[in-house]
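Enquirer: The structure's right below; bear with me while I get my questions together.
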Amino acid sequence: MDMTMTEAPGWPGSPPRWTSSAKTGVGTALSSASHVWFTLSHGILNEVYYPRLDTPCTRDLGLIVTDGRDYFSEEKRHTHSQLSYPHAGVPLYRLMNTCRAGRYRIEKDILTDPLRDTVLQRTRFVALAGNLADYHLYALAAPHLGNHGCGNSAWIDEYKGVPMLFAQREGSALAIACSAPWRRRSAGFVGISDGWQDLSRHRLMQWEHRRASNGNVALTGEVDLDACAGSFVLALAFGNTPAEAAHRALASLADGFDAAQATFVREWQDWQRFGLRIAADQGEPYDAYRTSRMVLRVHESKYLPGGLIASLSFPWGFAKGDDDMGGYHLAWPRDLVESAGALLAAGAHDDVRRVLRYLQTTQEADGHWPQNMWLDGTPYWNGLQLDEAAFPILLVDLARREGALSEADLRRLWPMARRAAGFLVCNGPVTLQDRWEEDAGYSPFTLAVVIAALLAAAELAERNEEHTLAAYLRDTADNWNAEIERWIYVTDSALARQVGVQGYYVRIAPPEICTAASPAQGFVPIKNRPPDQSTAPAAQIVSPDALALVRFGLRAASDPRIRDTVRVIDSLLKVDTPGGPVWHRYNGDGYGEHEDGAPFDGTGRGRAWPLLTGERAHFELASGRPEVARQLAGTMVALANEGGMLPEQIWDAPDIPRRELYFGRPSGSAMPLVWAHAEYIKLLRSLREERVFDMPPQTVERYITRNTGSGYTIWRFNHKRRSIPAGRVLRIETLAVASVHWSDDGWKVTHDSTTQDTGVGVHKVDLPTSRLAPGTAIRFTFFWHEAARWEGMDFEVVVG
């Protein structure tokens with residue numbers, strides 16, 4: 001076979017895969033002129049994103065070293081990599097990759113050109129054994145343009161007489177230029193005719209294919225080490241066309257790495273200086289606070305300002321291909337608001353205002369936000385989570401209390417908050433998905449967020465002279481708060497007896513328990529588990545989610561029910577690691593690696609989350625134990641990797657070195673998890689002020705200080721109560737105008753009451769039931785005005 005043919009053999013190449021999610025660094029220039037982001041792992045460039053933060057365009061770009069005879073070494077596999085920050089809180093990375101056999105060292109500085117869509121890598125190759133002339137050095141790149149590994153075309157060519165490596169897919173192109181001459185260049189199909197296959201077999205480039213079209217492709221170029229004395233700059237540039245990408249690569253090289261670095265560092269240092277300094281240096285190899293601030297800012301879109309994605313990573317990416325386009329480079333409204341809360345905690349008010357404007361423009365017409373979305377607002381998954389509709393309201397309230405919003409800002413944001421509140425009252429209290437995106441039902445976390453948001457919205461309504469709406473929102477919040485224990489608190493269960501407590505809050509109760517006496521009677525699905533392990537009694541599943549009742553001000557940390565729940569949580573979910581304690585999401589969780597360390601593939605075993613250590617620290621602070629909270633803040637730092645990146649999960653089982661899994665260290669899930677970094681920043685602010693920074697004051701004052709109850713029991717079609725406590729008013733709510741035809745004496749005497757419009761999509765009527773004797777049956781049906789028809793069936797609620 002002629003291996004110098006124009007078109008590379010082996011189309012379309014092996015099935016494309018993304019790469020490790022274990023990012024040690026993420027970066028971008030702050031300048032809005034540069035629309036490129038990079039990630040680092042195993043000492044090399046991983047996914048590079050262009051032109052938007054949600055669009056990866058490469059798999060990786062690394063170096064291979066040979067001696068031309070019998071030596072082959074790939075820096076991502078055969079070196080020990082050390083990462084450092086030349087400037088704290090600035091995503092300029094210095095990598096020292098030392099050959100494990102002691103033969104060479106590769107020194108790299110990596111950043112993006114603030115003026116262009118170019119990643120620059122300044123490289124120095126040092127021979128530790130022998131001389132420079134004894135080695136060959138190759139750059140190997142895997143284009144995945146437009147978020148796809150398939151359908152890429154790669155070729156070698158020149159631009160204005162300068163040799164380069166090119167790739168293109170549909171409307172995106174990349175070009176790789178080098179400040180040193182290329183000795184050889186080639187394009188090939190991954191796994192068949194790419195440079196790795198050539199070099200691993202021959203120790204020299206013997207294949208020089210000019211093109212590999214419409215497949216999973218790779219580019220290879222040999223750097224002339226003699227010509228540059230081992231020091232050179234690689235420019236990886238992007239554009240709409242190959243010529244545009246090549247132009248940017250050449251221009252970045254012409255300006256030089258030093259000029260780009262000076263601007264890059266200055267802009268980042270200026271941003272880091274602005275805002276609150278809420279933590280002193282920890283004495284660690286990095287400043288955890290400034291690193292976390294940096295991580296948040298890197299994850300903000302420039303193309304669509306204010307949009308923050310969850311992570312520049314694919315969880316278990318090495319096992320995923322083009323069938324998983326989203327990864328975590330999507331905007332989740334919950335994660336977005338949590339991140340904005342951290343920016344508020346750090347004093348970055350301008351950044352928070354951008355987030356709020358982004359939320360305004362991505363809200364759906366009915367008031368909710370997509371479960372997650374591409375940055376332009378297009379939904380990716382289509383689940384509905386009530387907390388994601390509630391969080392933006394809380395962000396408006398928190399930003400108001402922090403002085404980040406003017407009165408004019410609040411007036412502009414009120415329509416968004418009003419629509420969101422309307423969605424909550426039309427669809428609550430049951431959520432179709434909990435915050436872990438798995439189950440429908442009554443979730444303590446969701447209920448806490450939603451009830452707090454309704455009270456915050458009521459306050460905003462009063463500021464806008466909508467007093468009737470404010471009263472309705474408070475009535476609804478009060479009723480749902482008063483029902484929490486009936487919905488999600490169990491007593492005298494087998495688990496309670498095992499732990500030695502009276503009762504505890506469950507992770508989630510199924511929707512149908514609104515008609516049952518206790519959530520102990522229900523079953524909940526356990527997602528990501530084999531079919532024979534996919535359901536469990538609701539009373540047997542617990543979660544740290546219950547601590548949200550304290551975090552959002554609905555229950556005191558000293559409440560005996562909360563204290564008992566903590567005991568149950570710790571007995572089932574706590575993992576003690578060398579860095580400190582970490583917690584699982586819930587018992588039976590299946591979202592994580594398998595027992596043998598194999599990557600999550602739809603089933604697995606959930607691992608421990610550093611995020612939950614931060615949430616527990618906030619609980620400890622609310623409980624009056626600031627020293628414990630400080631220790632847990634230190635645990636979060638200890639759980640980060642060498643670049644200060646916090647993972648979604650840590651490995652909580654014995655070491656499996658061949659899978660790079662070590663007890664108490666990051667697992668193969670997403671890293672960095674922006675939400676975890678946000679929690680760490682908020683925790684530092686909370687510790688500084690010795691109070692939970694984002695705890696809403698409205699709930700604390702209403703439910704802890706005043707112990708406000710509810711005079712209503714609400715019946716609605718998505719929440720059909722069968723009983724009402726004696727002394728309560730029965731409030732019937734519909735989503736259309738209706739007359740309620742009802743009786744409390746078996747239809748001997750009937751009454752007709754017409755619903756009133758609340759202004760947010762709900763129509764309500766209060767039946768005078770507070771004086772009815774226990775055992776009285778209230779029967780009712782509906783006449784729908786717009787449809788001019790009767791409901792056709794009766795409903796019954798018994799006073800009990």
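The way I read the labels, and the way they are meant: chains A, B, ... in the order of the structure tokens, residue 1 as the first residue of every chain, and ligand 1 as the first ligand shown, with later ones counted on from there.
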Tell me, as a PyMOL selection string, which residues lie within 6 Å of range 347-359 of chain A, counting only C-alpha atoms; anything in the same chain fewer than 6 positions away does not count.

Expert: chain A and resi 275-276+306+340+404

Enquirer: Please produce a file of those selected residues containing C-alpha atoms, as a PDB file, in the first residue's frame.

Expert:
ATOM      1  CA  GLY A 275     -15.047  42.799  44.242  1.00  0.00           C
ATOM      2  CA  LEU A 276     -14.804  41.402  47.735  1.00  0.00           C
ATOM      3  CA  GLY A 306     -24.500  35.925  31.238  1.00  0.00           C
ATOM      4  CA  ALA A 340     -24.435  33.822  40.066  1.00  0.00           C
ATOM      5  CA  ALA A 404     -26.509  44.892  43.007  1.00  0.00           C
TER       6      ALA A 404
END

Enquirer: Taking only C-alpha atoms into account, name the residue in A:Ala726, A:Leu253, A:Val499, A:Ala509 that is nearest to Arg567 in chain A.

Expert: A:Val499

Enquirer: With only C-alpha atoms as the basis for distance, which of A:Leu384, A:Ala536, A:Leu40, A:Ile192 is at the shortest distance from Gly25 in chain A?

Expert: A:Leu40

Enquirer: With only C-alpha atoms as the counted atoms, please give the residues lying no more than 7 Å from Pro599 in chain A, apart from itself and same-chain residues fewer than 5 positions off, as a ChimeraX atom specification.

Expert: /A:316,593-594

Enquirer: Would you list, as a ChimeraX atom specification, the residues of range 59-307 of chain A that end up in helix (DSSP H, G or I) under DSSP run on this structure's backbone?

Expert: /A:75-78,132-134,145-147,195-202,225-228,242-255,257-273,288-298

Enquirer: Neighbours of Glu158 in chain A within 12 Å (only C-alpha atoms; same-chain residues fewer than 6 positions away dropped), as a PyMOL selection string?

Expert: chain A and resi 164-166+175-177+182+185+210+242-243+246-247+250

Enquirer: Would you mind exporting the chosen residues as a compact mmCIF listing (two decimals), in the first residue's frame, restricted to all heavy atoms?

Expert:
# COMPACT_ATOMS: atom_id res chain seq x y z
N MET A 164 0.95 24.64 7.06
CA MET A 164 0.06 24.48 8.21
C MET A 164 -0.66 23.15 8.13
O MET A 164 -0.62 22.44 7.12
CB MET A 164 -0.97 25.62 8.28
CG MET A 164 -0.40 26.99 8.54
SD MET A 164 -1.72 28.19 8.86
CE MET A 164 -0.79 29.72 8.82
N LEU A 165 -1.37 22.85 9.21
CA LEU A 165 -2.28 21.71 9.30
C LEU A 165 -3.70 22.26 9.36
O LEU A 165 -3.98 23.20 10.13
CB LEU A 165 -2.00 20.88 10.55
CG LEU A 165 -0.54 20.45 10.79
CD1 LEU A 165 -0.42 19.77 12.15
CD2 LEU A 165 -0.06 19.52 9.69
N PHE A 166 -4.63 21.69 8.60
CA PHE A 166 -5.98 22.23 8.50
C PHE A 166 -7.03 21.15 8.78
O PHE A 166 -6.80 19.96 8.52
CB PHE A 166 -6.24 22.78 7.09
CG PHE A 166 -5.48 24.03 6.75
CD1 PHE A 166 -4.25 23.95 6.12
CD2 PHE A 166 -5.99 25.28 7.06
CE1 PHE A 166 -3.54 25.10 5.78
CE2 PHE A 166 -5.29 26.43 6.73
CZ PHE A 166 -4.06 26.34 6.10
N ALA A 175 -6.80 25.77 12.00
CA ALA A 175 -5.47 25.75 11.39
C ALA A 175 -4.45 25.70 12.51
O ALA A 175 -4.60 26.38 13.53
CB ALA A 175 -5.25 26.97 10.52
N ILE A 176 -3.42 24.88 12.33
CA ILE A 176 -2.33 24.78 13.31
C ILE A 176 -1.05 25.23 12.64
O ILE A 176 -0.62 24.66 11.62
CB ILE A 176 -2.17 23.34 13.84
CG1 ILE A 176 -3.49 22.86 14.46
CG2 ILE A 176 -1.04 23.27 14.87
CD1 ILE A 176 -3.46 21.40 14.88
N ALA A 177 -0.47 26.28 13.20
CA ALA A 177 0.79 26.81 12.70
C ALA A 177 1.84 26.71 13.79
O ALA A 177 1.52 26.65 14.99
CB ALA A 177 0.63 28.26 12.25
N TRP A 182 7.98 22.96 10.08
CA TRP A 182 7.54 21.57 10.10
C TRP A 182 8.50 20.74 9.25
O TRP A 182 8.83 21.12 8.12
CB TRP A 182 6.13 21.41 9.51
CG TRP A 182 5.02 22.12 10.22
CD1 TRP A 182 4.32 23.19 9.76
CD2 TRP A 182 4.44 21.79 11.48
NE1 TRP A 182 3.35 23.56 10.64
CE2 TRP A 182 3.39 22.71 11.73
CE3 TRP A 182 4.71 20.81 12.44
CZ2 TRP A 182 2.61 22.69 12.87
CZ3 TRP A 182 3.93 20.79 13.58
CH2 TRP A 182 2.90 21.70 13.80
N ARG A 185 4.46 16.49 7.57
CA ARG A 185 3.06 16.68 7.97
C ARG A 185 2.23 15.57 7.35
O ARG A 185 2.56 15.06 6.28
CB ARG A 185 2.53 18.04 7.51
CG ARG A 185 3.16 19.24 8.18
CD ARG A 185 2.74 20.53 7.48
NE ARG A 185 3.31 20.63 6.13
CZ ARG A 185 2.75 21.27 5.11
NH1 ARG A 185 1.58 21.86 5.27
NH2 ARG A 185 3.34 21.31 3.93
N ARG A 210 -1.87 13.61 2.34
CA ARG A 210 -2.24 15.02 2.21
C ARG A 210 -3.65 15.30 2.72
O ARG A 210 -3.95 16.42 3.13
CB ARG A 210 -2.13 15.47 0.75
CG ARG A 210 -0.70 15.43 0.20
CD ARG A 210 -0.57 16.26 -1.05
NE ARG A 210 -0.86 17.67 -0.80
CZ ARG A 210 0.02 18.54 -0.31
NH1 ARG A 210 1.24 18.13 0.00
NH2 ARG A 210 -0.31 19.79 -0.12
N PRO A 242 -11.11 27.96 6.37
CA PRO A 242 -9.70 27.65 6.62
C PRO A 242 -8.80 28.87 6.51
O PRO A 242 -7.85 29.01 7.30
CB PRO A 242 -9.38 26.60 5.54
CG PRO A 242 -10.70 25.97 5.23
CD PRO A 242 -11.71 27.06 5.36
N ALA A 243 -9.07 29.73 5.56
CA ALA A 243 -8.23 30.93 5.40
C ALA A 243 -8.34 31.84 6.62
O ALA A 243 -7.34 32.42 7.07
CB ALA A 243 -8.63 31.67 4.14
N ALA A 246 -6.33 30.27 9.38
CA ALA A 246 -4.90 30.41 9.11
C ALA A 246 -4.43 31.84 9.33
O ALA A 246 -3.34 32.07 9.88
CB ALA A 246 -4.62 29.97 7.67
N HIS A 247 -5.23 32.79 8.93
CA HIS A 247 -4.87 34.20 9.16
C HIS A 247 -4.69 34.48 10.65
O HIS A 247 -3.73 35.13 11.07
CB HIS A 247 -5.97 35.10 8.59
CG HIS A 247 -5.79 36.55 8.91
ND1 HIS A 247 -5.06 37.41 8.13
CD2 HIS A 247 -6.23 37.29 9.97
CE1 HIS A 247 -5.05 38.62 8.68
NE2 HIS A 247 -5.77 38.57 9.80
N LEU A 250 -1.43 32.90 11.98
CA LEU A 250 -0.23 33.67 11.60
C LEU A 250 -0.15 34.98 12.37
O LEU A 250 0.93 35.39 12.82
CB LEU A 250 -0.26 33.96 10.10
CG LEU A 250 0.35 32.92 9.17
CD1 LEU A 250 0.40 33.46 7.75
CD2 LEU A 250 1.75 32.53 9.63

Enquirer: So that I can check the surroundings of Glu615 in chain A, please list as a VMD selection string every protein, DNA and RNA residue that reaches within 10 Å of it, counting only C-alpha atoms and ignoring chain neighbours fewer than 5 positions away.

Expert: chain A and resid 544 to 545 547 to 548 551 583 610 620 to 621 629 632 to 633 676 679 to 680 682 to 683
